[in-house]
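> After the structure tokens below, expect a handful of questions from me.
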Amino acid sequence: MKRYLVFADGEVVEGIAFGASHAAVGELVFTTGMGGYIETLTDPSYAGQIILQTFPLIGNYGVIPEDFEGKSAARGYVVREWCRHPSNFRCEMTLDAYLKQAGIPGLYGVDTRAITKKIREHGVMNAMITDDPNVDLSAISAYRVSDAVREVSCREAYTVSAENPSRRVVLLDYGCKKNIVNELVKRGCLVRVLPHTATAEEILAEAPDGVMLSNGPGDPADNTAEIAVLAKIAGKVPLFGICLGHQLLALALGGKTEKLKYGHRGVNQPVTDLITGRTYMTSQNHGYAVVSDSIRPIGSVRFRHANDGTCEGIDYPDRRAFSVQFHPEAHTGPLDTSFLFDRFIAMTEEKEYAAL
């Protein structure tokens with residue numbers, strides 16, 4: 001069955017339908033990972049977006065629910081080719097079956113390289129996956145990712161704990177990935193996960209040794225209430241922010257953010273530590289970045305993207321806080337930067353801040 005990808009500028013790309021059957025509008029973005037499509041599809045940070053995979057074959061090891069990072073919030077999925085007969089002893093369903101179950105319309109049999117080139121040249125743009133290409137372009141253009149954090153955050157607080165926890169960490173859920181919790185539990189933490197609506201008083205009432213700020217979707221500047229809460233708790237307890245958490249912390253401390261032309265999405269993003277000079281390969285998924293000069297003198301840029309020089313991490317030594325734009329907890333990406341969780345644990349133990 002034919003299915004179409006209709007861009008806001010009027011271009012129509014014809015492909016073949018798979019996944020859910022309804023039409024969907026979203027912000028079309030591409031990700032360059034050769035593997036990890038399960039984690040990509042279940043990353044809440046893709047809320048409101050249509051995901052395009054640049055790697056040509058997707059679905060060859062099927063879908064493995066144990067590897068889910070969260071509840072999928074993507075609006076659509078575009079691939080060159082999907083594997084109908086996956087081969088993996090852990091596989092429980094095909095990619096097509098999962099997309100139907102999750103309510104995500106898909107499209108395959110298109111030139112994903114050409115579409116990626118279009119996004120790189122013109123920037124991220126809105127698009128629609130539809131079985132009828134005769135659609136209202138103004139409705140596509142008008143679409144905007146909104147209320148994304150509210151959509152993906154947990155509704156009620158919950159606890160995940162190591163067997164004999166040695167410290168208590170509050171994790172503010174803006175759309176957190178499961179592996180952030182896993183990395184903290186692995187290091188002996190009791191993790192108290194709070195929804196995005198948690199107040200400063202509620203956070204501090206948990207008597208945490210440290211507070212984690214999770215990843216999440218959308219424009220960071222939209223989250224005014226969450227930013228105000230972080231402004232209240234900064235300096236009162238050690239803070240570690242990842243992705244959206246990194247951006248929100250910068251905004252709470254007087255910084256600014258900007259939308260990137262097409263963002264960084266994939267597991268092969270190079271990031272340089274400005275103190276050691278070492279470059280790490282990282283997993284990333286974001287369309288906004290902190291404006292480097294905007295966080296001075298409260299913070300200093302610690303990491304930069306090796307390709308475009310954008311801010312990838314900030315230290316706030318006077319506030320006992322630091323944050324990174326990339327994902328040190330990446331489940332399928334490189335594990336080069338998992339030491340940042342050790343750095344956070346050291347902060348909760350009041351060890352020397354710059355020791356790691």
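Order determines the names: the first chain of the structure tokens is A, the second B, and so forth; residues in each chain are numbered 1 upward, and ligands are numbered 1 upward as they are shown.
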From a DSSP pass on the backbone, collect the residues of stretch 34-248 of chain A flagged as helix (DSSP H, G or I) and hand them back as an MDAnalysis selection string.
chainID A and resid 37:41 44:46 65:67 95:102 112:122 137:142 148:152 178:186 200:205 220:222 224:233 244:248
> Please, which residues in stretch 114-151 of chain A fall within 12 Å of stretch 181-203 of chain A when counting only C-alpha atoms, and what is the closest atom pair and distance in Å to one decimal for each, ordered by chain then residue number, as JSON lines?

```
{"residue": "A:Asp147", "atom": "CA", "partner": "A:His196", "partner_atom": "CA", "distance": 11.5}
{"residue": "A:Ala148", "atom": "CA", "partner": "A:His196", "partner_atom": "CA", "distance": 11.1}
{"residue": "A:Val149", "atom": "CA", "partner": "A:His196", "partner_atom": "CA", "distance": 7.4}
{"residue": "A:Arg150", "atom": "CA", "partner": "A:His196", "partner_atom": "CA", "distance": 7.2}
{"residue": "A:Glu151", "atom": "CA", "partner": "A:His196", "partner_atom": "CA", "distance": 10.3}
```
> Export, as a CSV table (one decimal), in the first residue's frame, the selected residues with C-alpha atoms.

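After the write, selection_32.csv holds the following:
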```csv
chain,number,residue,atom,x,y,z
A,147,ASP,CA,3.5,20.3,26.2
A,148,ALA,CA,6.0,17.6,25.5
A,149,VAL,CA,7.4,17.2,29.0
A,150,ARG,CA,4.0,16.9,30.5
A,151,GLU,CA,3.2,14.2,27.9
```
> Using only C-alpha atoms, which residues sit within 6 Å of A:Lys100 once same-chain residues fewer than 2 positions away are excluded, as a ChimeraX atom specification?
/A:19-20,97-98,102-103
> For the residues selected in the previous step, produce a file with N, CA and C atoms as a PDB file, in the first residue's frame.

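Final file, again-v5.pdb:
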```
ATOM      1  N   GLY A  19       3.446  -0.251   9.916  1.00  0.00           N
ATOM      2  CA  GLY A  19       3.097   0.320  11.202  1.00  0.00           C
ATOM      3  C   GLY A  19       1.623   0.711  11.269  1.00  0.00           C
ATOM      4  N   ALA A  20       1.305   1.634  12.169  1.00  0.00           N
ATOM      5  CA  ALA A  20      -0.079   2.076  12.364  1.00  0.00           C
ATOM      6  C   ALA A  20      -0.620   2.742  11.094  1.00  0.00           C
ATOM      7  N   ALA A  97       5.049  -4.973  13.742  1.00  0.00           N
ATOM      8  CA  ALA A  97       4.090  -5.299  14.811  1.00  0.00           C
ATOM      9  C   ALA A  97       4.203  -4.309  15.963  1.00  0.00           C
ATOM     10  N   TYR A  98       5.442  -3.926  16.304  1.00  0.00           N
ATOM     11  CA  TYR A  98       5.602  -2.970  17.403  1.00  0.00           C
ATOM     12  C   TYR A  98       5.007  -1.604  17.049  1.00  0.00           C
ATOM     13  N   ALA A 102       2.242   0.310  19.167  1.00  0.00           N
ATOM     14  CA  ALA A 102       2.525   1.614  19.771  1.00  0.00           C
ATOM     15  C   ALA A 102       1.750   2.755  19.116  1.00  0.00           C
ATOM     16  N   GLY A 103       1.038   2.480  18.020  1.00  0.00           N
ATOM     17  CA  GLY A 103       0.268   3.516  17.340  1.00  0.00           C
ATOM     18  C   GLY A 103       1.119   4.501  16.572  1.00  0.00           C
TER      19      GLY A 103
END
```
> For the atom pair atom CA of A:Pro44 and atom CA of A:Arg343, what is the interatomic distance in Å to one decimal place?
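Between atom CA of A:Pro44 and atom CA of A:Arg343 the gap works out to 25.5 Å.
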> Which polymer residues have any atom within 9 Å of an atom of stretch 305-311 of chain A, counting only C-alpha atoms, with same-chain residues fewer than 3 positions away left out, as a PyMOL selection string?
chain A and resi 269-272+279+289-292+301-302+314+324-325
> Which residues are near stretch 138-142 of chain A? Cut-off 7 Å, only C-alpha atoms, ignore same chain within fewer than 3 positions. Put them as a PyMOL selection string.
chain A and resi 8+25+126-128
> Between A:Leu213, A:Ser166, A:Ser283, A:Ile275, which is the closest to A:Phe322 once you count only C-alpha atoms?
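Checking each of A:Leu213, A:Ser166, A:Ser283, A:Ile275 against A:Phe322, counting only C-alpha atoms, the winner is A:Leu213.
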> For the strand (DSSP E or B) assignment from backbone DSSP, which residues of stretch 60-153 of chain A qualify? Please present them as a ChimeraX atom specification.
/A:63,76-78,81-82,93,105-108,125-130
> List the neighbours of A:Leu95 out to 10 Å using only C-alpha atoms; skip same-chain residues closer than 3 positions along the sequence, and give me the result as a list in words.
Phe18, Gly19, Tyr37, Ile38, Ile58, Gly59, Asn60, Tyr61, Gly62, Val63, Ile64, Trp82, Cys83, Arg84, His85, Pro86, Glu92, Tyr98, Leu99, Lys100, Gln101 and Gly106 of chain A
> Would you mind exporting the chosen residues as a compact mmCIF listing (two decimals), in the first residue's frame, restricted to N, CA, C and O atoms?

```
# COMPACT_ATOMS: atom_id res chain seq x y z
N PHE A 18 3.83 0.90 6.51
CA PHE A 18 3.88 -0.12 7.54
C PHE A 18 3.60 0.55 8.87
O PHE A 18 3.47 1.76 8.95
N GLY A 19 3.45 -0.25 9.92
CA GLY A 19 3.10 0.32 11.20
C GLY A 19 1.62 0.71 11.27
O GLY A 19 0.79 0.19 10.53
N TYR A 37 17.91 0.97 17.31
CA TYR A 37 16.61 1.51 16.90
C TYR A 37 15.52 1.27 17.95
O TYR A 37 14.57 2.05 18.05
N ILE A 38 15.68 0.22 18.76
CA ILE A 38 14.69 -0.02 19.83
C ILE A 38 14.74 1.11 20.84
O ILE A 38 13.72 1.67 21.24
N ILE A 58 16.71 -1.49 8.93
CA ILE A 58 16.27 -1.38 10.32
C ILE A 58 15.34 -2.55 10.66
O ILE A 58 14.50 -2.93 9.85
N GLY A 59 15.50 -3.10 11.87
CA GLY A 59 14.61 -4.15 12.32
C GLY A 59 15.18 -5.55 12.24
O GLY A 59 14.47 -6.53 12.48
N ASN A 60 16.49 -5.68 11.94
CA ASN A 60 17.07 -7.00 11.71
C ASN A 60 17.18 -7.85 12.98
O ASN A 60 17.30 -9.07 12.89
N TYR A 61 17.13 -7.24 14.16
CA TYR A 61 17.10 -8.05 15.39
C TYR A 61 15.76 -7.93 16.11
O TYR A 61 15.63 -8.26 17.28
N GLY A 62 14.76 -7.44 15.39
CA GLY A 62 13.41 -7.40 15.92
C GLY A 62 13.22 -6.37 17.02
O GLY A 62 13.97 -5.40 17.11
N VAL A 63 12.21 -6.61 17.84
CA VAL A 63 11.90 -5.72 18.95
C VAL A 63 11.98 -6.52 20.25
O VAL A 63 11.40 -7.60 20.37
N ILE A 64 12.72 -5.96 21.22
CA ILE A 64 13.00 -6.63 22.49
C ILE A 64 12.51 -5.73 23.62
O ILE A 64 13.18 -4.76 23.99
N TRP A 82 12.88 -2.21 6.00
CA TRP A 82 12.71 -2.85 7.30
C TRP A 82 12.75 -4.36 7.12
O TRP A 82 12.29 -4.91 6.12
N CYS A 83 13.32 -5.02 8.10
CA CYS A 83 13.54 -6.46 8.02
C CYS A 83 12.30 -7.22 8.49
O CYS A 83 11.92 -7.14 9.66
N ARG A 84 11.69 -7.96 7.58
CA ARG A 84 10.47 -8.71 7.90
C ARG A 84 10.74 -9.96 8.73
O ARG A 84 9.85 -10.49 9.39
N HIS A 85 11.95 -10.48 8.64
CA HIS A 85 12.29 -11.74 9.31
C HIS A 85 13.51 -11.54 10.21
O HIS A 85 14.62 -11.94 9.86
N PRO A 86 13.32 -10.90 11.37
CA PRO A 86 14.46 -10.63 12.26
C PRO A 86 15.05 -11.91 12.83
O PRO A 86 14.38 -12.94 12.93
N GLU A 92 10.98 -10.58 20.30
CA GLU A 92 9.60 -10.94 20.66
C GLU A 92 8.57 -10.51 19.63
O GLU A 92 7.44 -10.98 19.65
N TYR A 98 5.44 -3.93 16.30
CA TYR A 98 5.60 -2.97 17.40
C TYR A 98 5.01 -1.60 17.05
O TYR A 98 4.32 -0.98 17.87
N LEU A 99 5.26 -1.13 15.84
CA LEU A 99 4.73 0.17 15.43
C LEU A 99 3.21 0.17 15.47
O LEU A 99 2.59 1.17 15.88
N LYS A 100 2.60 -0.93 15.06
CA LYS A 100 1.14 -1.03 15.14
C LYS A 100 0.69 -0.99 16.60
O LYS A 100 -0.26 -0.30 16.96
N GLN A 101 1.38 -1.74 17.46
CA GLN A 101 1.03 -1.78 18.88
C GLN A 101 1.19 -0.41 19.53
O GLN A 101 0.37 -0.02 20.37
N GLY A 106 4.28 4.25 9.98
CA GLY A 106 5.60 4.15 9.38
C GLY A 106 5.55 4.23 7.87
O GLY A 106 4.49 4.08 7.24
```
> Could you state the separation of atom CA of A:Asp173 and atom CA of A:Leu274 in Å, given to one decimal place?
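Separation of atom CA of A:Asp173 and atom CA of A:Leu274: 29.1 Å.
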> If we count only C-alpha atoms, what is near A:Ser323 at a cut-off of 12 Å, once residues fewer than 3 positions away on the same chain are taken out, given as a PyMOL selection string?
chain A and resi 211-215+238-250+290+299-303+311-317+319-320+326-328+340-341+343-344
> Could you tell me which of A:Thr332, A:Asn88, A:Asn134, A:Thr116 comes closest to A:Val29 if we count only C-alpha atoms?
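Looking only at the distances to A:Val29, the closest residue turns out to be A:Thr116.
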> Take atom CA of A:Pro105 and atom CA of A:Arg3 and report the distance between them in Å, one decimal.
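We find that atom CA of A:Pro105 and atom CA of A:Arg3 lie 9.8 Å from each other.
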> Just checking: using only C-alpha atoms, which residue out of A:Cys154, A:Val169, A:Ala114, A:Leu52 ends up closest to A:Thr348?
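Nearest candidate to A:Thr348 out of A:Cys154, A:Val169, A:Ala114, A:Leu52: A:Val169.
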> Which of these, A:Phe339, A:Ala231, A:Thr224, A:Leu253, has the shortest distance to A:Tyr280 once you count only C-alpha atoms?
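Ranked by minimum distance to A:Tyr280, first place goes to A:Phe339.
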> Ranking A:Pro65, A:Val12, A:Tyr262, A:Ala157 by minimum distance to A:Met93 and counting only C-alpha atoms, which one comes first?
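So, comparing all the options, the nearest one is A:Pro65.
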> Pick from A:Ala17, A:Ala346, A:Val267, A:Asn285: nearest to A:Asp132, with only C-alpha atoms counted?
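When distances to A:Asp132 are compared using only C-alpha atoms, the smallest one comes from A:Ala17.
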